[in-house]
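**Q** Questions regarding the structure given below will be posed in turn.
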Amino acid sequence: MFFIFLLAITQFSLLLNSIIAVYPKKGFSMKMIHIDSKESPLYPGDHLTRDERLQRLVQQSKTRVRYIESQILLQRNATHSMDPNVARLPVVYESAMFYVAEIGLGATKAFNQDNPLYPWKLSTTYRPVPCSMHPRCRRAMCNRDGHCTYFTRYASGSITSGVIAKEKFTLGFDTNEPERIELQIGCGFFQENFENFIGNNHLHGKADRIAGILGLGWGEGSFLNQLGAVGQGKYSYCFETFDYYAEPSSTYLRFGADAIIRGVGQQVKKTPIVVPAFQTQLYYLNLEDISIGTKRVRFPSGTFKVNGQGEGGTIIDSGTPLSQMYKDYFDRVADLVKEHFDKLRIEYVGSVDHFDCCFHIPEGFDITNYPSITLHFQQADYVISDYKANFFLKSPKIACLAFFGVDKKGRGTPHFILGAMQQTNKRILYDVMDLSLSFATEQCEVGS
């Protein structure tokens, strides 16, 4: 099952709660609750059909691409001081952005929440950051008190703004003393247009428990880097295979000493995280080629490389449900998928609903005949062998390639986005200290 770490506009958004850790290894884990779980404040209810859930995945994937594009353009044009995301447990977690933020008591506008607003005036450890103390705070981002502020507009039209502050947080550990860490946070005093996904539960007779968004980009101000020795600059997760019918399960986001790949016999592979010439919190990788089964597409060298203007490139993003690819490149991949099934005398039926590459699967078709898909990253082959990660079974007789082609090229859109569905049953570990992404095949289960 896969999860999304973004605003709650996606099906897989996770709520973080119950921090557990073991000391003195300096590691801890956060339980992540699937947005469709009955434990989730965003639970949509039992009324969604199989097709409606699939439709949500499609829409969320497309929305996510627009969001990523807007963030790349914003970073490239440097039109804001930071990209904060809001928070207090439980929160929605965003994989690509940075900072923790809270809705502050006294906010002139905030989305509805049942939890009290953050009582910053009562905190003895809350300190607004002076403009002179923040490297990204320009004159236009200073308020009349000389404090650094932020302003961020999301692609959905949502707006959050407030003050950048330092605050101390305590992580509860299973043994020994709790760990206290100081974080730079965004304390929000004005929020607008969040009602579509945060703060609207009261309209349906449910509690509004979400107070913000937690970010985990790899910039110097990110939550991950601010954890210091506790986080060791790394985190990992493992997603279960998506199931149309089963109750969504929880998993864990693991930090520091907890973020390891330790399965017996697991073959661990590692590829560099690419540092683009422009400022970004997205995780770029160097994709060199793609194979369907044993046959390579043979893309020219540099096809998926990001340039200094933020155009192109390959990112891994757990906030995108289904992988996206520039249409011309997608068509070349789809051609090899068609060729594979043609040799098996499987009928190609073209587009079905929102999927561009679908096939008529006869009764009794051997699932081992579905092709694997290999992403040839720099120094590491990422093999997606599970057919449920590569194909959506639209019905017992129709199977569609679970990737999307994106028409536009350039601007802020990456050429390829490795989405959450194609990350299932793999332990994935981000390490910003040595700028690497490690992964290994693993049978991800509840609480992985």
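Starting from 1 in every chain, residues are counted up; chains themselves are A, B, ... following the order of the structure tokens, and ligands are numbered from 1 as listed.
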Which residues are near Thr320 of chain A? Cut-off 8 Å, only C-alpha atoms, ignore same chain within fewer than 5 positions. Put them as a list in words.
**A**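 With the cut-off at 8 Å, the set is Ile4, Thr10, Gln60, Ser61, Arg64, Val65, Ile417, Leu418, Gly419 and Ala420 of chain A.
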**Q** Write the selection just made, keeping N, CA and C atoms, as an mmCIF file, in the first residue's frame?
**A**
```cif
data_model
loop_
_atom_site.group_PDB
_atom_site.id
_atom_site.type_symbol
_atom_site.label_atom_id
_atom_site.label_comp_id
_atom_site.auth_asym_id
_atom_site.auth_seq_id
_atom_site.Cartn_x
_atom_site.Cartn_y
_atom_site.Cartn_z
ATOM 1 N N ILE A 4 0.996 9.052 0.693
ATOM 2 C CA ILE A 4 1.446 10.285 0.145
ATOM 3 C C ILE A 4 1.809 11.271 1.199
ATOM 4 N N THR A 10 -3.932 14.430 -1.655
ATOM 5 C CA THR A 10 -3.711 13.138 -2.253
ATOM 6 C C THR A 10 -4.255 12.016 -1.396
ATOM 7 N N GLN A 60 -5.342 12.916 -8.091
ATOM 8 C CA GLN A 60 -4.303 13.343 -7.162
ATOM 9 C C GLN A 60 -2.934 13.362 -7.826
ATOM 10 N N SER A 61 -2.685 12.405 -8.707
ATOM 11 C CA SER A 61 -1.408 12.367 -9.420
ATOM 12 C C SER A 61 -1.252 13.597 -10.303
ATOM 13 N N ARG A 64 -0.748 16.710 -8.219
ATOM 14 C CA ARG A 64 0.598 16.734 -7.652
ATOM 15 C C ARG A 64 1.617 17.264 -8.655
ATOM 16 N N VAL A 65 1.481 16.898 -9.910
ATOM 17 C CA VAL A 65 2.402 17.390 -10.934
ATOM 18 C C VAL A 65 2.324 18.905 -11.035
ATOM 19 N N ILE A 417 8.716 11.398 -12.874
ATOM 20 C CA ILE A 417 8.469 11.408 -11.434
ATOM 21 C C ILE A 417 8.174 9.977 -11.011
ATOM 22 N N LEU A 418 9.037 9.415 -10.168
ATOM 23 C CA LEU A 418 8.814 8.072 -9.642
ATOM 24 C C LEU A 418 7.830 8.174 -8.489
ATOM 25 N N GLY A 419 6.610 7.685 -8.714
ATOM 26 C CA GLY A 419 5.534 7.839 -7.757
ATOM 27 C C GLY A 419 5.454 6.736 -6.724
ATOM 28 N N ALA A 420 4.488 6.886 -5.801
ATOM 29 C CA ALA A 420 4.370 5.993 -4.648
ATOM 30 C C ALA A 420 4.003 4.565 -5.030
#
```
**Q** What lies within 10 Å of Ala229 of chain A using only C-alpha atoms, ignoring chain neighbours under 3 positions off, as a list in words?
**A** Lys25, Lys26, Gly27, Ile181, Asn225, Gln226, Gln232, Gly233, Gly256 and Ala257 of chain A
**Q** Given the choices A:Thr294, A:Thr441, A:Ser236, A:Ser318, which gets closest to Ile373 of chain A if the distance is worked out from only C-alpha atoms?
**A**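 When distances to Ile373 of chain A are compared using only C-alpha atoms, the smallest one comes from A:Thr294.
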**Q** Based on the backbone DSSP call, show me all residues of segment 206-390 of chain A assigned strand (DSSP E), as a PyMOL selection string.
**A** chain A and resi 213-215+234-238+251-256+269-274+283-285+287-292+295-296+314-316+323-326+347-352+355-360+373-377+380-384
**Q** Determine the nearest neighbour of Phe439 of chain A from the options A:Tyr237, A:Tyr126, A:Phe299, A:Phe341, counting only C-alpha atoms.
**A**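 So, comparing all the options, the nearest one is A:Tyr237.
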**Q** A:Ile346, A:Ala402, A:Val333, A:Met325: which is nearest Arg298 of chain A, counting only C-alpha atoms?
**A**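 That would be A:Val333, the residue with the smallest distance to Arg298 of chain A.
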**Q** Go through A:Ile261, A:Leu122, A:Ile367, A:Leu216 one by one, measure the shortest atom-to-atom distance of each to Gln281 of chain A using only C-alpha atoms, and give the residue with the smallest value.
**A** A:Leu216
**Q** Nearest to Ala165 of chain A among A:Thr152, A:Gln266, A:Gln184, A:Ser323, with distances taken over only C-alpha atoms: which residue is it?
**A**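 Closest to Ala165 of chain A, using only C-alpha atoms: A:Gln184.
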**Q** In Å to one decimal, how far is atom CA of Pro371 of chain A from atom CA of Gly312 of chain A?
**A**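 Atom CA of Pro371 of chain A lies 26.7 Å from atom CA of Gly312 of chain A.
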**Q** For Ile398 of chain A, which residue among A:Asp381, A:Glu442, A:Glu363, A:Glu311 is the nearest when counting only C-alpha atoms?
**A**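 Closest residue, counting only C-alpha atoms: A:Glu363.
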**Q** So which residues touch Tyr235 of chain A within 9 Å, counting only C-alpha atoms, skipping near sequence neighbours fewer than 6 positions away, as a list in words?
**A**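 My list of contacting residues is Leu224, Leu253, Arg254, Phe255, Gly256, Ala257, Asp258, Ala259, Ile260, Ile428, Leu429, Tyr430 and Asp431 of chain A.
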